[in-house]
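What follows is one structure encoded as structure tokens, with my remarks underneath.
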Amino acid sequence: MVSQDTLVKRQFGHRARLALSHAEVLKTDDQAHAARTLWNLLHAWWQMMPKEKRTLANADAAIRQAREDIDFLAVLPAQAAQAVLKTYVRAWKNCWEGRADAPNFKGRLRTVMSVDIPQGRDLNITRVHRRWGQVNLPKVGRVRFRWTKDLPVGKHATTENRITGARLVKDVLGWHITFRVQTLEAGPEPHQGPEVGIDVGVNVPIALSDGQTYEHGEWLTEKEKAKLLHLDQRAARRKQHRKPGERTSRRLHRTYDQIAGLRAKAKRRALDWQHRTTTAIARTYGTVVVEALTITNMVKSARGTIEEPGKNVAQKSGLNRSISGEAWGRTVTMLTYKTARLGGTLHKVPAPGTSQRCSACGITTPGSRESQAVFVCKNPDCGWSGNADHNAAHNVLHLYRMGLALIPAAGRAVVRRAQRVKPATAR
């Protein structure tokens, strides 16, 4: 019997594919566009109002008035409109506390279409058979979804284990629903596994200080890459025939959808590899140490200006694409919550010098890293040689053991940014 003191409340999301008819897709699209429009109207109202009138009650009154004046907003359920307001206010709080940038307008093309269902009791989930279930979507109707995981519904739902809401999200494969599940489970025991340092790279995605490496192949096959190139060329040709200001043709839209489908397939394969790799690391090691990389600075363009043009621009662009493709930040985010869930800890150490320092003698000598994979210490008293990635992973673990770790990141999916002054538009 597990005591109540060792139980912890955990929330997670379960994503499932919806099977919508054409009419239901149109209704859901209209709701998503209405939610985005409501966000933009709320943002414009927030910027116009003086600081003393930016209250939750005034914003709620403005939303109600907008839903009465604009017929298009009526397609959005009232509770979904309230969720837009709560999300917008939370975005400003995250900005003031230094966790995110200030909220901005949401563009039609660059914004993910989504609708929030904040109340779990409105879903009325039932299981039809082994592969499919049914859920009630407000102002859409009763629709089917792919049943891939047991959900706490019916007699299995309790006050500690239940569905608290859901969110509809559209991607290149169509509409999906993400259920928010709240459960009460036993807290993890402290992980007794060993310590490990991790070095991330482009040629070797993940190298551990104990000599183990995790690698992957190309996310797309040669046939799929050839098809993607063919579609890109077709889109470029069709775009040339479009006059300025003319609407995009259906053929070009269809080509864009095919391109997005192939890229989404590559991303799903990358996510699958990252999840399997980070789960294996979190289960094996009790303390995981990574570098505190500033990835946004690492992928900056080297193009320069007209007065001072950059050098090796094409090579730097290729490196930037490779770094972005590896998604190092997403790997660290996965390790953060998985180590915390299994009783381990994740720490970050300063990144400068980990690739140039010799892990055997501790001396940094210029030219020791002879290539991407070979490290030969130039110190006359040492001369150690080995794999450059494992050498860097050893240095990462050494910094942690020397007490040079930054703020522990365990338990937080995102490292908090430095405190800063509130933007003028929010004061």
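Scheme for the structure tokens: letters A, B, ... for chains in order shown; per-chain residue numbers from 1; ligand numbers from 1 in order shown.
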Considering only strand (DSSP E or B) as DSSP defines it on the backbone, what residues of segment 205-291 of chain A qualify? List them as a list in words. Ile206, Ala207, Leu208, Thr213, Tyr214, Thr287, Val288, Val289, Val290 and Glu291 of chain A
Tell me, counting only C-alpha atoms, for each residue of segment 96-203 of chain A within 10 Å of segment 38-50 of chain A, which pair of atoms is nearest and how far apart they are in Å to one decimal, in rows ordered by chain and increasing number, as a tab-separated table.
residue	atom	partner	partner_atom	distance
A:Pro103	CA	A:His43	CA	8.1
A:Asn104	CA	A:His43	CA	7.2
A:Phe105	CA	A:Asn40	CA	5.4
A:Lys106	CA	A:Asn40	CA	6.5
A:Gly107	CA	A:Asn40	CA	8.9
Residues as selected, all heavy atoms, written as an mmCIF file, in the first residue's frame, can you do that?
data_model
loop_
_atom_site.group_PDB
_atom_site.id
_atom_site.type_symbol
_atom_site.label_atom_id
_atom_site.label_comp_id
_atom_site.auth_asym_id
_atom_site.auth_seq_id
_atom_site.Cartn_x
_atom_site.Cartn_y
_atom_site.Cartn_z
ATOM 1 N N PRO A 103 3.597 38.525 -26.043
ATOM 2 C CA PRO A 103 2.679 38.002 -27.064
ATOM 3 C C PRO A 103 2.491 38.990 -28.196
ATOM 4 O O PRO A 103 2.624 40.204 -28.013
ATOM 5 C CB PRO A 103 1.375 37.762 -26.287
ATOM 6 C CG PRO A 103 1.478 38.629 -25.084
ATOM 7 C CD PRO A 103 2.937 38.730 -24.745
ATOM 8 N N ASN A 104 2.171 38.478 -29.379
ATOM 9 C CA ASN A 104 2.043 39.312 -30.561
ATOM 10 C C ASN A 104 0.851 38.842 -31.371
ATOM 11 O O ASN A 104 0.157 37.891 -31.011
ATOM 12 C CB ASN A 104 3.325 39.243 -31.392
ATOM 13 C CG ASN A 104 3.548 40.501 -32.209
ATOM 14 O OD1 ASN A 104 2.598 41.236 -32.517
ATOM 15 N ND2 ASN A 104 4.790 40.752 -32.564
ATOM 16 N N PHE A 105 0.605 39.536 -32.489
ATOM 17 C CA PHE A 105 -0.482 39.137 -33.371
ATOM 18 C C PHE A 105 -0.187 37.771 -33.981
ATOM 19 O O PHE A 105 0.959 37.414 -34.231
ATOM 20 C CB PHE A 105 -0.672 40.168 -34.484
ATOM 21 C CG PHE A 105 -1.387 41.420 -34.039
ATOM 22 C CD1 PHE A 105 -0.677 42.545 -33.667
ATOM 23 C CD2 PHE A 105 -2.771 41.468 -33.994
ATOM 24 C CE1 PHE A 105 -1.323 43.687 -33.256
ATOM 25 C CE2 PHE A 105 -3.428 42.611 -33.585
ATOM 26 C CZ PHE A 105 -2.712 43.724 -33.205
ATOM 27 N N LYS A 106 -1.232 37.025 -34.239
ATOM 28 C CA LYS A 106 -1.114 35.706 -34.849
ATOM 29 C C LYS A 106 -1.507 35.801 -36.318
ATOM 30 O O LYS A 106 -2.646 36.140 -36.639
ATOM 31 C CB LYS A 106 -2.013 34.690 -34.134
ATOM 32 C CG LYS A 106 -1.550 34.342 -32.733
ATOM 33 C CD LYS A 106 -2.367 33.206 -32.161
ATOM 34 C CE LYS A 106 -1.826 32.779 -30.802
ATOM 35 N NZ LYS A 106 -2.579 31.637 -30.244
ATOM 36 N N GLY A 107 -0.556 35.511 -37.202
ATOM 37 C CA GLY A 107 -0.815 35.533 -38.633
ATOM 38 C C GLY A 107 -1.584 34.309 -39.092
ATOM 39 O O GLY A 107 -1.542 33.247 -38.460
#
Check the smallest atom-to-atom distance from each of A:Gly141, A:Pro188, A:Gly201, A:Gly386 to Arg10 of chain A using only C-alpha atoms, then report the winner. A:Pro188
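Counting only C-alpha atoms and comparing A:Thr111, A:Thr148, A:Asn387, A:Gln79, the residue that lies closest to Gly165 of chain A is A:Gln79.
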Restricting to only C-alpha atoms, whichever of A:Lys265, A:Arg64, A:Arg180, A:His253 is closest to Arg121 of chain A is A:Arg180
So which residues of segment 58-292 of chain A fall under alpha helix (DSSP H) by DSSP, listed as a PyMOL selection string? chain A and resi 58-69+78-96+222-240+250-284
